[in-house]
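> So that you have it, the file is structure07.cif, and it contains mmCIF, C-alpha atoms:
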```cif
data_entry
#
loop_
_atom_site.label_atom_id
_atom_site.label_comp_id
_atom_site.auth_asym_id
_atom_site.auth_seq_id
_atom_site.Cartn_x
_atom_site.Cartn_y
_atom_site.Cartn_z
CA MET A 6 53.67 52.85 7.29
CA ASP A 7 56.43 52.18 9.87
CA LYS A 8 56.56 48.42 10.57
CA ARG A 9 58.38 48.69 13.94
CA PRO A 10 56.43 47.35 16.96
CA ALA A 11 54.71 50.09 18.98
CA LEU A 12 55.61 50.67 22.62
CA THR A 13 53.01 50.86 25.29
CA VAL A 14 52.87 54.01 27.38
CA THR A 15 54.04 52.06 30.40
CA GLY A 16 56.86 50.53 28.42
CA LEU A 17 58.02 53.92 27.19
CA ASN A 18 57.92 55.34 30.72
CA GLU A 19 59.87 52.37 32.04
CA TYR A 20 62.48 52.79 29.28
CA ILE A 21 62.92 56.49 30.11
CA LYS A 22 63.17 55.67 33.82
CA GLY A 23 65.85 53.09 33.08
CA LYS A 24 67.86 55.64 31.06
CA LEU A 25 67.63 58.21 33.89
CA ASP A 26 68.54 55.69 36.57
CA SER A 27 71.57 54.45 34.63
CA ASP A 28 73.04 57.92 34.09
CA PRO A 29 75.84 58.37 36.71
CA LEU A 30 75.55 62.17 36.56
CA LEU A 31 71.85 62.09 37.39
CA ASN A 32 72.36 59.61 40.24
CA GLY A 33 74.43 62.04 42.29
CA VAL A 34 73.42 65.55 41.32
CA LEU A 35 73.47 68.87 43.22
CA VAL A 36 70.63 71.23 42.34
CA LYS A 37 70.34 74.82 43.51
CA GLY A 38 67.00 76.65 43.47
CA GLU A 39 64.17 78.31 45.33
CA ILE A 40 61.51 76.24 47.12
CA SER A 41 57.90 76.63 46.00
CA ASN A 42 54.69 74.61 46.42
CA PHE A 43 56.11 73.09 49.60
CA VAL A 44 53.91 70.49 51.34
CA ASN A 45 54.82 68.79 54.62
CA HIS A 46 52.77 65.61 54.47
CA TYR A 47 52.29 64.98 58.19
CA LYS A 48 50.74 61.53 57.81
CA THR A 49 53.70 60.09 55.88
CA GLY A 50 56.44 62.51 56.91
CA HIS A 51 57.42 63.11 53.25
CA PHE A 52 58.24 66.58 51.83
CA TYR A 53 56.76 67.49 48.45
CA LEU A 54 58.07 70.63 46.72
CA SER A 55 59.27 72.27 43.55
CA LEU A 56 62.66 73.88 42.88
CA LYS A 57 62.70 76.86 40.55
CA ASP A 58 64.96 79.56 39.19
CA GLU A 59 64.59 82.27 36.57
CA GLY A 60 64.38 79.80 33.68
CA GLY A 61 62.62 76.67 34.89
CA VAL A 62 61.08 74.47 37.55
CA ILE A 63 61.42 70.81 38.63
CA ARG A 64 59.31 68.74 40.94
CA ALA A 65 61.02 67.14 43.94
CA ILE A 66 60.29 64.81 46.83
CA MET A 67 62.15 64.07 50.06
CA PHE A 68 61.14 60.88 51.84
CA ARG A 69 60.63 60.77 55.60
CA MET A 70 63.85 58.91 56.46
CA ASN A 71 65.83 61.76 54.88
CA ALA A 72 63.50 64.59 55.93
CA GLN A 73 63.65 63.77 59.62
CA ARG A 74 67.44 64.27 59.61
CA LEU A 75 67.11 67.95 58.72
CA ASN A 76 67.76 70.54 61.43
CA PHE A 77 65.21 72.93 59.91
CA ILE A 78 61.83 72.89 58.21
CA PRO A 79 61.89 73.99 54.54
CA GLU A 80 59.70 76.95 53.62
CA ASN A 81 58.46 78.51 50.41
CA GLY A 82 60.89 81.12 49.09
CA MET A 83 63.91 79.54 50.83
CA LYS A 84 66.97 79.13 48.62
CA VAL A 85 68.54 75.71 49.06
CA ILE A 86 71.09 73.31 47.60
CA CYS A 87 69.74 69.77 47.26
CA SER A 88 71.65 66.58 46.67
CA GLY A 89 69.94 63.54 45.27
CA ARG A 90 69.09 61.69 42.07
CA VAL A 91 66.86 62.35 39.09
CA SER A 92 64.36 59.66 38.13
CA SER A 93 60.83 59.35 36.83
CA TYR A 94 57.60 57.89 38.10
CA VAL A 95 56.27 55.30 35.66
CA LYS A 96 52.58 55.98 36.26
CA ASP A 97 52.63 59.63 35.22
CA GLY A 98 55.83 59.77 33.18
CA GLN A 99 57.04 62.86 35.10
CA TYR A 100 60.67 63.03 36.05
CA GLN A 101 61.56 64.60 39.39
CA LEU A 102 64.37 65.08 41.86
CA TYR A 103 64.54 62.60 44.73
CA ILE A 104 66.30 64.57 47.51
CA ASN A 105 68.66 62.86 49.94
CA ASP A 106 69.94 65.99 51.70
CA MET A 107 69.19 69.71 51.73
CA GLN A 108 71.20 72.69 52.95
CA PRO A 109 70.30 76.38 52.96
CA ASP A 110 72.04 78.35 50.26
CA GLY A 111 74.03 81.09 52.01
CA VAL A 112 72.64 80.61 55.55
CA GLY A 113 73.48 77.69 57.86
CA ALA A 114 70.90 75.04 58.63
CA LEU A 115 71.41 75.45 62.39
CA TYR A 116 70.78 79.18 62.16
CA ILE A 117 67.53 78.60 60.26
CA ALA A 118 66.46 75.96 62.78
CA PHE A 119 67.24 78.39 65.59
CA GLU A 120 65.14 81.16 64.03
CA GLN A 121 62.26 78.80 63.27
CA LEU A 122 62.12 77.43 66.83
CA LYS A 123 62.48 80.92 68.28
CA LYS A 124 59.55 82.16 66.19
CA LYS A 125 57.42 79.15 67.15
CA LEU A 126 58.01 79.42 70.92
CA GLU A 127 57.58 83.19 70.90
CA PHE A 128 54.20 82.76 69.20
CA GLU A 129 53.18 80.27 71.93
CA GLY A 130 54.04 82.82 74.64
CA LEU A 131 57.08 81.09 76.15
CA PHE A 132 59.06 84.35 76.01
CA ASP A 133 56.31 86.52 77.53
CA PRO A 134 57.86 88.82 80.20
CA ALA A 135 54.64 88.60 82.22
CA ARG A 136 55.33 84.86 82.77
CA LYS A 137 58.81 85.42 84.20
CA LYS A 138 59.28 84.55 87.88
CA PRO A 139 61.05 87.03 90.20
CA LEU A 140 64.41 86.04 91.67
CA PRO A 141 64.74 85.62 95.46
CA LYS A 142 66.64 88.46 97.14
CA TYR A 143 68.56 86.26 99.55
CA PRO A 144 68.67 82.65 98.28
CA LYS A 145 69.74 80.02 100.80
CA ARG A 146 70.41 77.26 98.22
CA VAL A 147 71.52 77.77 94.63
CA GLY A 148 71.30 74.95 92.11
CA ILE A 149 73.89 74.84 89.29
CA ILE A 150 73.40 72.68 86.19
CA THR A 151 76.55 72.53 84.09
CA SER A 152 79.62 70.43 83.32
CA PRO A 153 81.54 69.57 86.50
CA THR A 154 84.87 69.94 84.69
CA GLY A 155 84.35 73.17 82.75
CA ALA A 156 85.56 76.66 83.54
CA ALA A 157 81.96 77.84 83.98
CA VAL A 158 81.39 75.96 87.24
CA ARG A 159 84.69 77.22 88.68
CA ASP A 160 83.75 80.80 87.82
CA MET A 161 80.32 80.48 89.46
CA ILE A 162 81.77 78.90 92.63
CA HIS A 163 84.43 81.62 92.88
CA VAL A 164 81.94 84.47 92.43
CA SER A 165 79.47 82.92 94.90
CA ALA A 166 82.12 82.50 97.60
CA ARG A 167 83.20 86.11 97.16
CA ARG A 168 79.75 87.69 97.08
CA PHE A 169 77.58 85.66 99.45
CA PRO A 170 79.34 82.73 101.18
CA LEU A 171 76.24 82.01 103.29
CA ALA A 172 74.47 80.51 100.26
CA GLU A 173 74.76 76.74 99.75
CA LEU A 174 75.73 75.70 96.20
CA VAL A 175 74.36 72.40 94.84
CA LEU A 176 75.87 71.11 91.57
CA TYR A 177 74.00 68.82 89.20
CA PRO A 178 76.68 67.52 86.79
CA SER A 179 75.48 67.36 83.19
CA LEU A 180 76.68 67.17 79.62
CA VAL A 181 76.51 70.59 77.98
CA GLN A 182 76.94 69.55 74.34
CA GLY A 183 76.13 66.55 72.20
CA GLU A 184 72.98 64.50 71.68
CA GLY A 185 72.64 63.40 75.30
CA ALA A 186 73.01 66.89 76.78
CA PRO A 187 69.37 68.13 76.59
CA ALA A 188 68.03 65.07 78.45
CA GLN A 189 70.56 65.51 81.27
CA LEU A 190 69.86 69.25 81.53
CA ILE A 191 66.12 68.52 81.80
CA ALA A 192 66.83 65.88 84.46
CA GLY A 193 68.73 68.52 86.45
CA LEU A 194 65.73 70.85 86.39
CA GLU A 195 63.46 68.03 87.59
CA CYS A 196 65.89 67.10 90.37
CA PHE A 197 65.97 70.62 91.80
CA GLN A 198 62.17 70.77 91.81
CA THR A 199 61.60 67.44 93.56
CA LEU A 200 64.55 65.63 95.15
CA CYS A 201 66.78 68.56 96.08
CA PRO A 202 64.77 71.82 96.29
CA VAL A 203 66.68 75.06 95.75
CA ASP A 204 65.71 78.75 95.62
CA VAL A 205 67.17 79.57 92.19
CA ILE A 206 68.78 77.59 89.33
CA LEU A 207 71.80 78.61 87.25
CA LEU A 208 71.82 76.82 83.88
CA GLY A 209 74.63 77.25 81.38
CA ARG A 210 78.14 76.65 80.11
CA GLY A 211 81.12 78.52 78.70
CA GLY A 212 81.48 79.84 75.17
CA GLY A 213 81.70 77.82 71.96
CA SER A 214 80.52 77.54 68.40
CA LEU A 215 76.85 77.37 67.45
CA GLU A 216 77.16 73.61 67.12
CA GLU A 217 78.70 73.30 70.60
CA LEU A 218 75.98 75.45 72.17
CA TRP A 219 73.19 73.70 70.27
CA ALA A 220 71.99 71.64 73.27
CA PHE A 221 70.60 74.86 74.78
CA ASN A 222 68.48 75.38 71.64
CA ASP A 223 66.57 72.14 72.25
CA GLU A 224 62.77 72.53 72.19
CA ALA A 225 62.18 70.00 75.00
CA LEU A 226 64.67 71.83 77.23
CA ALA A 227 62.98 75.17 76.48
CA ARG A 228 59.60 73.78 77.52
CA ALA A 229 61.11 72.25 80.67
CA ILE A 230 62.53 75.66 81.65
CA PHE A 231 59.15 77.26 81.00
CA ARG A 232 57.41 74.70 83.25
CA CYS A 233 60.00 74.93 86.01
CA ARG A 234 58.52 76.21 89.29
CA ILE A 235 61.88 77.60 90.42
CA PRO A 236 63.37 80.77 88.88
CA VAL A 237 65.97 79.90 86.21
CA ILE A 238 68.90 82.07 85.11
CA SER A 239 70.33 81.08 81.71
CA ALA A 240 74.02 81.74 81.16
CA VAL A 241 75.13 80.15 77.90
CA GLY A 242 78.39 81.12 76.22
CA HIS A 243 79.71 84.65 76.04
CA GLU A 244 77.85 87.96 76.02
CA THR A 245 77.35 87.86 72.24
CA ASP A 246 75.95 84.30 72.26
CA PHE A 247 72.19 83.83 72.41
CA SER A 248 70.28 80.58 72.83
CA ILE A 249 66.63 79.57 73.07
CA SER A 250 67.24 78.91 76.79
CA ASP A 251 68.16 82.58 77.22
CA PHE A 252 64.81 83.72 75.84
CA VAL A 253 62.61 81.32 77.82
CA ALA A 254 64.47 81.55 81.15
CA ASP A 255 63.33 83.98 83.83
CA LEU A 256 66.56 85.95 83.35
CA ARG A 257 69.47 85.85 80.92
CA ALA A 258 73.03 86.40 82.12
CA PRO A 259 75.78 87.25 79.61
CA THR A 260 78.23 84.80 81.22
CA PRO A 261 78.15 82.07 83.91
CA SER A 262 80.05 84.28 86.37
CA ALA A 263 77.56 87.09 85.73
CA ALA A 264 74.75 84.63 86.53
CA ALA A 265 76.24 84.07 89.99
CA GLU A 266 76.54 87.82 90.50
CA ILE A 267 72.90 88.33 89.53
CA ALA A 268 71.60 85.47 91.68
CA LEU A 269 73.47 86.35 94.87
CA PRO A 270 73.64 89.63 96.81
CA GLU A 271 76.98 91.15 97.80
CA THR A 272 77.74 90.61 101.49
CA GLY A 273 79.10 94.11 102.05
CA GLU A 274 76.00 95.67 100.48
CA VAL A 275 73.75 93.48 102.64
CA LYS A 276 75.60 94.64 105.75
CA ARG A 277 75.28 98.28 104.72
CA LYS A 278 71.55 97.90 104.11
CA LEU A 279 71.13 96.10 107.42
CA GLY A 280 73.05 98.88 109.18
CA ASN A 281 70.79 101.50 107.60
CA VAL A 282 67.72 99.58 108.75
CA LEU A 283 69.07 99.33 112.29
CA ASP A 284 69.86 103.06 112.33
CA ARG A 285 66.35 103.92 111.17
CA MET A 286 64.86 101.55 113.73
CA ALA A 287 66.91 103.15 116.50
CA LEU A 288 65.88 106.63 115.36
CA VAL A 289 62.18 105.75 115.16
CA THR A 290 62.24 103.80 118.43
CA GLY A 291 64.16 106.55 120.19
CA GLY A 292 61.63 109.13 119.09
CA LYS A 293 58.73 107.02 120.35
CA VAL A 294 60.46 106.51 123.71
CA GLU A 295 61.08 110.23 124.10
CA ARG A 296 57.45 111.06 123.29
CA ALA A 297 56.23 108.41 125.72
CA ARG A 298 58.56 109.73 128.45
CA ALA A 299 57.31 113.29 127.91
CA ARG A 300 53.70 112.15 128.16
CA LEU A 301 54.48 110.21 131.32
CA ASP A 302 56.10 113.29 132.87
CA SER A 303 53.05 115.36 131.94
CA LEU A 304 50.68 112.85 133.53
CA ALA A 305 52.81 112.65 136.65
CA LYS A 306 52.31 116.39 137.23
CA THR A 307 48.48 116.23 137.19
CA ARG A 308 46.46 116.56 140.43
CA GLN A 309 45.29 112.97 140.30
CA MET A 310 48.81 111.60 139.99
CA GLN A 311 50.15 113.96 142.68
CA ASN A 312 47.61 112.65 145.19
CA MET A 313 46.14 109.29 144.30
CA MET A 314 43.43 109.66 146.99
CA ASN A 315 42.00 112.58 145.05
CA LEU A 316 41.48 110.28 142.11
CA VAL A 317 39.96 107.58 144.38
CA ASP A 318 37.62 110.12 146.01
CA ASP A 319 36.49 111.41 142.64
CA ARG A 320 35.73 107.90 141.47
CA ARG A 321 33.94 107.10 144.77
CA MET A 322 31.72 110.18 144.43
CA ALA A 323 30.90 109.30 140.85
CA LEU A 324 30.05 105.73 141.89
CA SER A 325 27.87 106.92 144.78
CA ASP A 326 25.98 109.31 142.51
CA LEU A 327 25.43 106.59 139.96
CA SER A 328 24.19 104.19 142.66
CA TYR A 329 21.70 106.77 144.00
CA ARG A 330 20.33 107.46 140.54
CA MET A 331 19.93 103.76 139.90
CA GLU A 332 18.02 103.18 143.18
CA THR A 333 15.75 106.18 142.54
CA SER A 334 15.01 105.01 139.03
CA LEU A 335 14.24 101.46 140.18
CA GLU A 336 11.87 102.64 142.95
CA LYS A 337 10.03 104.91 140.56
CA ASN A 338 9.63 102.10 138.02
CA LEU A 339 8.41 99.66 140.72
CA SER A 340 5.86 102.19 141.99
CA LEU A 341 4.47 102.71 138.52
CA LYS A 342 4.31 98.97 137.90
CA ARG A 343 2.55 98.37 141.26
CA SER A 344 -0.08 101.08 140.64
CA ARG A 345 -0.80 99.69 137.18
CA PHE A 346 -1.11 96.17 138.58
CA LEU A 347 -3.66 97.23 141.24
CA GLN A 348 -5.74 99.04 138.60
CA GLU A 349 -5.83 95.99 136.35
CA ALA A 350 -6.67 93.69 139.29
CA ALA A 351 -9.61 95.91 140.28
CA ARG A 352 -10.87 95.92 136.70
CA LEU A 353 -10.70 92.14 136.54
CA ASP A 354 -12.40 91.72 139.91
CA ALA A 355 -15.29 93.93 138.77
CA LEU A 356 -15.82 91.70 135.76
CA SER A 357 -15.64 88.44 137.75
CA PRO A 358 -18.91 86.45 138.06
CA LEU A 359 -18.03 85.74 141.69
CA ALA A 360 -18.44 89.42 142.46
CA VAL A 361 -22.08 89.21 141.31
CA LEU A 362 -22.69 86.28 143.64
CA THR A 363 -21.51 88.31 146.62
CA ARG A 364 -24.47 90.62 146.06
CA GLY A 365 -27.01 87.81 146.80
CA TYR A 366 -27.32 86.22 143.42
CA ALA A 367 -26.87 82.51 142.58
CA ALA A 368 -25.87 80.68 139.37
CA LEU A 369 -27.98 77.73 138.20
CA LEU A 370 -25.82 74.85 136.88
CA ASP A 371 -26.69 71.43 135.51
CA GLU A 372 -25.05 68.29 136.81
CA SER A 373 -22.08 68.75 134.44
CA GLY A 374 -21.47 72.25 135.77
CA THR A 375 -22.75 74.08 132.67
CA ALA A 376 -24.74 77.25 133.31
CA ILE A 377 -28.49 76.98 132.57
CA ARG A 378 -29.59 80.09 130.70
CA SER A 379 -33.25 79.25 129.74
CA VAL A 380 -36.24 77.50 131.32
CA LYS A 381 -36.67 75.69 128.04
CA THR A 382 -33.87 73.35 129.07
CA LEU A 383 -35.55 72.51 132.38
CA ALA A 384 -38.32 70.10 133.33
CA PRO A 385 -40.03 69.30 136.64
CA GLU A 386 -38.11 66.96 138.94
CA THR A 387 -34.80 67.97 137.24
CA GLU A 388 -31.92 68.12 139.72
CA VAL A 389 -29.78 71.25 139.50
CA ASN A 390 -26.92 72.90 141.41
CA LEU A 391 -27.10 76.37 142.88
CA ARG A 392 -23.70 78.06 142.91
CA LEU A 393 -23.53 80.61 145.73
CA THR A 394 -20.68 82.81 146.80
CA ASP A 395 -19.55 80.39 149.50
CA GLY A 396 -20.62 76.98 148.16
CA VAL A 397 -23.01 74.84 146.13
CA ALA A 398 -26.57 73.65 147.03
CA LYS A 399 -28.49 70.78 145.46
CA ALA A 400 -32.09 71.53 144.36
CA LYS A 401 -34.93 69.93 142.40
CA ILE A 402 -37.25 71.75 139.96
CA CYS A 403 -40.85 71.58 141.10
CA GLU A 404 -42.47 73.64 138.35
CA VAL A 405 -41.33 75.36 135.17
CA LYS A 406 -43.14 78.49 133.95
CA GLU A 407 -42.04 80.35 130.83
CA TYR A 408 -42.78 84.07 130.38
CA GLU A 409 -44.86 85.06 127.44
#
```
Write the structure described by the file as structure tokens, please.

Amino acid sequence: MDKRPALTVTGLNEYIKGKLDSDPLLNGVLVKGEISNFVNHYKTGHFYLSLKDEGGVIRAIMFRMNAQRLNFIPENGMKVICSGRVSSYVKDGQYQLYINDMQPDGVGALYIAFEQLKKKLEFEGLFDPARKKPLPKYPKRVGIITSPTGAAVRDMIHVSARRFPLAELVLYPSLVQGEGAPAQLIAGLECFQTLCPVDVILLGRGGGSLEELWAFNDEALARAIFRCRIPVISAVGHETDFSISDFVADLRAPTPSAAAEIALPETGEVKRKLGNVLDRMALVTGGKVERARARLDSLAKTRQMQNMMNLVDDRRMALSDLSYRMETSLEKNLSLKRSRFLQEAARLDALSPLAVLTRGYAALLDESGTAIRSVKTLAPETEVNLRLTDGVAKAKICEVKEYE
């Protein structure tokens, strides 16, 4: 039996790890393959994945400090070139690739980041045409957010002065490339919504490479444009250049000078339209005046207008007739009311107990004035009142006799 000392599993794994870590080739290796089993561990920020090709597969990990420097998010099926080192994890004895950097194989990282952000914002509805705000027809103040020294601002000022010099241009100077550019562009949008209100905003810059235009592909800027209460025209680069700002803005212009042409009307065209409106107003007004004059002439030829006293006499006769009919109606109504009143008064008088007294009868009342209706309530020597038609007499009961 072999007399050499046996290694522990941990010892063997540590030995293999030491061999891998000491190999200069494996400490700076480039590996090309297709991503599979990709996991974005959101709690730690680490990327876990496998790289594979036709003949094999290797596990890989990219720690957060390296992953957050990427301009794109890796996806399954994406072909990439990874730089890093090969080492093993002692606990499970598996060797894997520790990735320091990753680049798309054949397609630029910025292009992939652009497409990923575009897809994300489109899914959220930031590009929805129904959410676009209409542009004002005749803006009084136009806000421009761009570099104060670039050709773009000169082009926009020149076009604005030529097309519609009545509009006031307000420039918010901003960086248009580099890390600080998105924050300044967002600040310009906020300024024109609060401190210096304008009717429309032109946002853009002249042409350049994808890297130079990258500030206009910033997600925070895209969301700021979407939230902006003022219509925004995006004019980034040349006609063939597209940015995320172009898709989320209310309107995309192919160039900065075209943005000024879109935002502002042409003075000559405004004058022509105004002239057409004035001509139509004169035509319509003239027609109404002519029709009114003809009607006035027709009325002037009537009998009433020829002799105003005829009209007065007609109205006087109508008033007199109306007055007579009113008096007749009132007298008739009063007569009916009077006759009905006399009938009701006679009926009431016939039912009155006083009318009975006038025929020689008297009413027997007790001291409280209550009528006595039966001899059963009387007794000799009881004092009573006799109510006659013209007064009251005091009497005393001498005898009470009840009929059988």
> Please provide as a list in words all residues within 12 Å of Glu129 of chain A, with the sequence filter that same-chain residues fewer than 3 positions apart are discarded (counting all atoms listed in the file).
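Answer for this query is Leu122, Lys123, Lys124, Lys125, Leu126, Phe132, Asp133, Arg136, Ala227, Arg228, Phe231 and Val253 of chain A.
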> Pick from A:Pro202, A:Leu176, A:Ala65, A:Gly209: nearest to Ala157 of chain A, with only C-alpha atoms counted?
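Looking only at the distances to Ala157 of chain A, the closest residue turns out to be A:Gly209.
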> For a quick check of understanding, using all atoms listed in the file, which of A:Lys137, A:Arg64, A:Lys276, A:Lys337 has the smallest distance to Tyr103 of chain A?
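Once distances to Tyr103 of chain A are computed over all atoms listed in the file, the minimum belongs to A:Arg64.
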> Run the PyMOL selection byres ((chain A and resi 374) around 12) on the file and write out the hits as a list in words.
Ala368, Leu369, Leu370, Asp371, Glu372, Ser373, Thr375, Ala376, Ile377, Glu388, Val389, Asn390, Leu391, Arg392 and Val397 of chain A
> Using all atoms listed in the file and a cutoff of 8 Å, can you tell me which residues are near (70.6, 91.1, 103.9) in the file's coordinates, and write them out as a PyMOL selection string?
chain A and resi 143+270+272+274-276+278-279
> So the first atom is atom CA of Tyr94 of chain A and the second is atom CA of Val14 of chain A; what is the distance between them in Å, to one decimal place?
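Going from atom CA of Tyr94 of chain A over to atom CA of Val14 of chain A covers 12.3 Å.
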> Give the answer as one residue: which of A:Lys138, A:Cys201, A:Thr382, A:Leu269 has the shortest atom-to-atom distance to Pro170 of chain A, using only C-alpha atoms?
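Smallest distance to Pro170 of chain A is found for A:Leu269.
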> Here's the selection I'm unsure about, the PyMOL selection byres ((chain A and resi 81-88) around 8); applied to the file above, which residues does it give, as a PyMOL selection string?
chain A and resi 33-43+79-80+89-90+104-110
> Tell me which of A:Arg257, A:Arg168, A:Arg210, A:His46 sits closest to Val181 of chain A, counting all atoms listed in the file.
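The shortest atom-to-atom distance to Val181 of chain A comes from A:Arg210.
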> Within 6 Å of Pro178 of chain A, counting all atoms listed in the file, which residues show up once you throw out same-chain ones fewer than 2 positions away? Write them as a PyMOL selection string, please.
chain A and resi 151-153
> Going by the chain IDs and residue numbers used in this file, which residues fall under the PyMOL selection byres ((chain A and resi 404-407) around 9)? Write them as a list of chain:residue names.
A:Ser379, A:Val380, A:Lys381, A:Leu383, A:Ala384, A:Pro385, A:Glu386, A:Ile402, A:Cys403, A:Tyr408, A:Glu409
> If I take atom CA of Leu393 of chain A and atom CA of Ala367 of chain A, how far is one from the other in Å, to one decimal?
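These atoms are spaced 5.0 Å apart.
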> So which one's closest to Val91 of chain A, A:Ser214, A:Ser27, A:Ser165, A:Gln198? Using all atoms listed in the file, please.
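Checking each candidate against Val91 of chain A, we get A:Ser27 as the closest.
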> What's the 12 Å shell around Leu207 of chain A, counting all atoms listed in the file, without same-chain residues fewer than 5 positions away, as a PyMOL selection string?
chain A and resi 140+146-152+157-158+161-162+165+174-177+190+193-194+197+230+235-241+250-251+254-258+260-269
> Show me, as a Markdown table, the residues of segment 51-150 of chain A having an atom within 12 Å of segment 21-25 of chain A, each with the closest atom pair and its distance in Å, using all atoms listed in the file.

```
| residue | atom | partner | partner_atom | distance |
| --- | --- | --- | --- | --- |
| A:Arg90 | CA | A:Leu25 | CA | 9.0 |
| A:Val91 | CA | A:Leu25 | CA | 6.7 |
| A:Ser92 | CA | A:Leu25 | CA | 5.5 |
| A:Ser93 | CA | A:Lys22 | CA | 5.3 |
| A:Tyr94 | CA | A:Lys22 | CA | 7.4 |
| A:Val95 | CA | A:Lys22 | CA | 7.2 |
| A:Lys96 | CA | A:Lys22 | CA | 10.9 |
| A:Asp97 | CA | A:Lys22 | CA | 11.3 |
| A:Gly98 | CA | A:Ile21 | CA | 8.4 |
| A:Gln99 | CA | A:Lys22 | CA | 9.5 |
| A:Tyr100 | CA | A:Lys22 | CA | 8.1 |
| A:Gln101 | CA | A:Leu25 | CA | 10.4 |
| A:Leu102 | CA | A:Leu25 | CA | 11.0 |
```
> Identify which of the residues A:Arg232, A:Phe77, A:Ile249, A:Gly211 lies closest to Thr154 of chain A, counting all atoms listed in the file when measuring atom-to-atom distances.
A:Gly211
> When you draw a straight line from atom CA of Lys399 of chain A to atom CA of Arg378 of chain A, how long is it in Å?
17.5 Å
